[in-house]
Amino acid sequence: MSVIIKQTTLSEQDMIAEAERALADISRVRQGVGKVIFGQESVVERALVALLAGGHALLVGVPGLAKTKLVETLGVVLGLDARRIQFTPDLMPSDILGSEVMEQDEHGRRSFRFIPGPIFAQLLMADEINRASPRTQSALLQSMQEYHVTVAGARHD
């Protein structure tokens with residue numbers, strides 16, 4: 001028994017057209033963000049590069065440089081679910097990962113239901129991570145690296 005695999009490739013003209021459409025989309029995003037964030041073109045560009053590369057970005061700066069506003073604006077312009085976590089010394093891993101709660105139905109049966117934490121966002125601003133406990137920092141970093149968390153023995157992507 002033989003299997004024939006048909007390989008389709010984009011022509012050079014199609015690839016150029018796709019690249020030009022992508023550049024036009026990126027330009028529209030930069031313009032949309034530029035309506036809210038002024039004088040930070042380099043930061044906006046680098047944040048977009050991090051997003052497009054599927055990575056993480058570390059925004060460092062003094063208060064008032066619109067770091068949080070940049071993340072919020074990127075979420076709006078890109079149509080992403082954007083959230084923010086303010087890290088404090090009393091923040092627990094379950095506060096960011098989520099937890100299971102026991103529910104009881106109308107027949108008296110009880111079951112656990114997972115309620116996802118703010119880590120389950122497409123775009124997350126983690127503010128002042130250094131203030132959190134090592135366990136909470138570890139939970140955040142593990143989720144960033146592995147793209148999933150484990151709560152009560154169950155994996156949540």
# chains A, B, ... in the order shown; residues from 1 in each chain; ligands from 1

call {"tool": "residues_around", "arguments": {"residues": "segment 33-48 of chain A", "least_positions_apart": "4", "cutoff": "8 Å", "atoms": "only C-alpha atoms", "output": "PyMOL selection string"}}
result
chain A and resi 29+52+57+66+69-70+73-74+77

call {"tool": "select_by_dssp", "arguments": {"residues": "segment 57-116 of chain A", "states": "strand (DSSP E)", "output": "ChimeraX atom specification"}}
result
/A:82-86,98-104,110-116

call {"tool": "residues_around", "arguments": {"residues": "segment 78-93 of chain A", "least_positions_apart": "4", "cutoff": "12 Å", "atoms": "only C-alpha atoms", "output": "MDAnalysis selection string"}}
result
chainID A and resid 25:26 28:33 48 51:52 67:74 97:99 116:143 149:151

call {"tool": "select_by_dssp", "arguments": {"residues": "segment 7-135 of chain A", "states": "alpha helix (DSSP H)", "output": "VMD selection string"}}
result
chain A and resid 12 to 34 41 to 52 67 to 78 93 to 97 134 to 135

call {"tool": "atom_distance", "arguments": {"atom1": "atom CA of Gly64 of chain A", "atom2": "atom CA of Ser94 of chain A"}}
result
29.5 Å
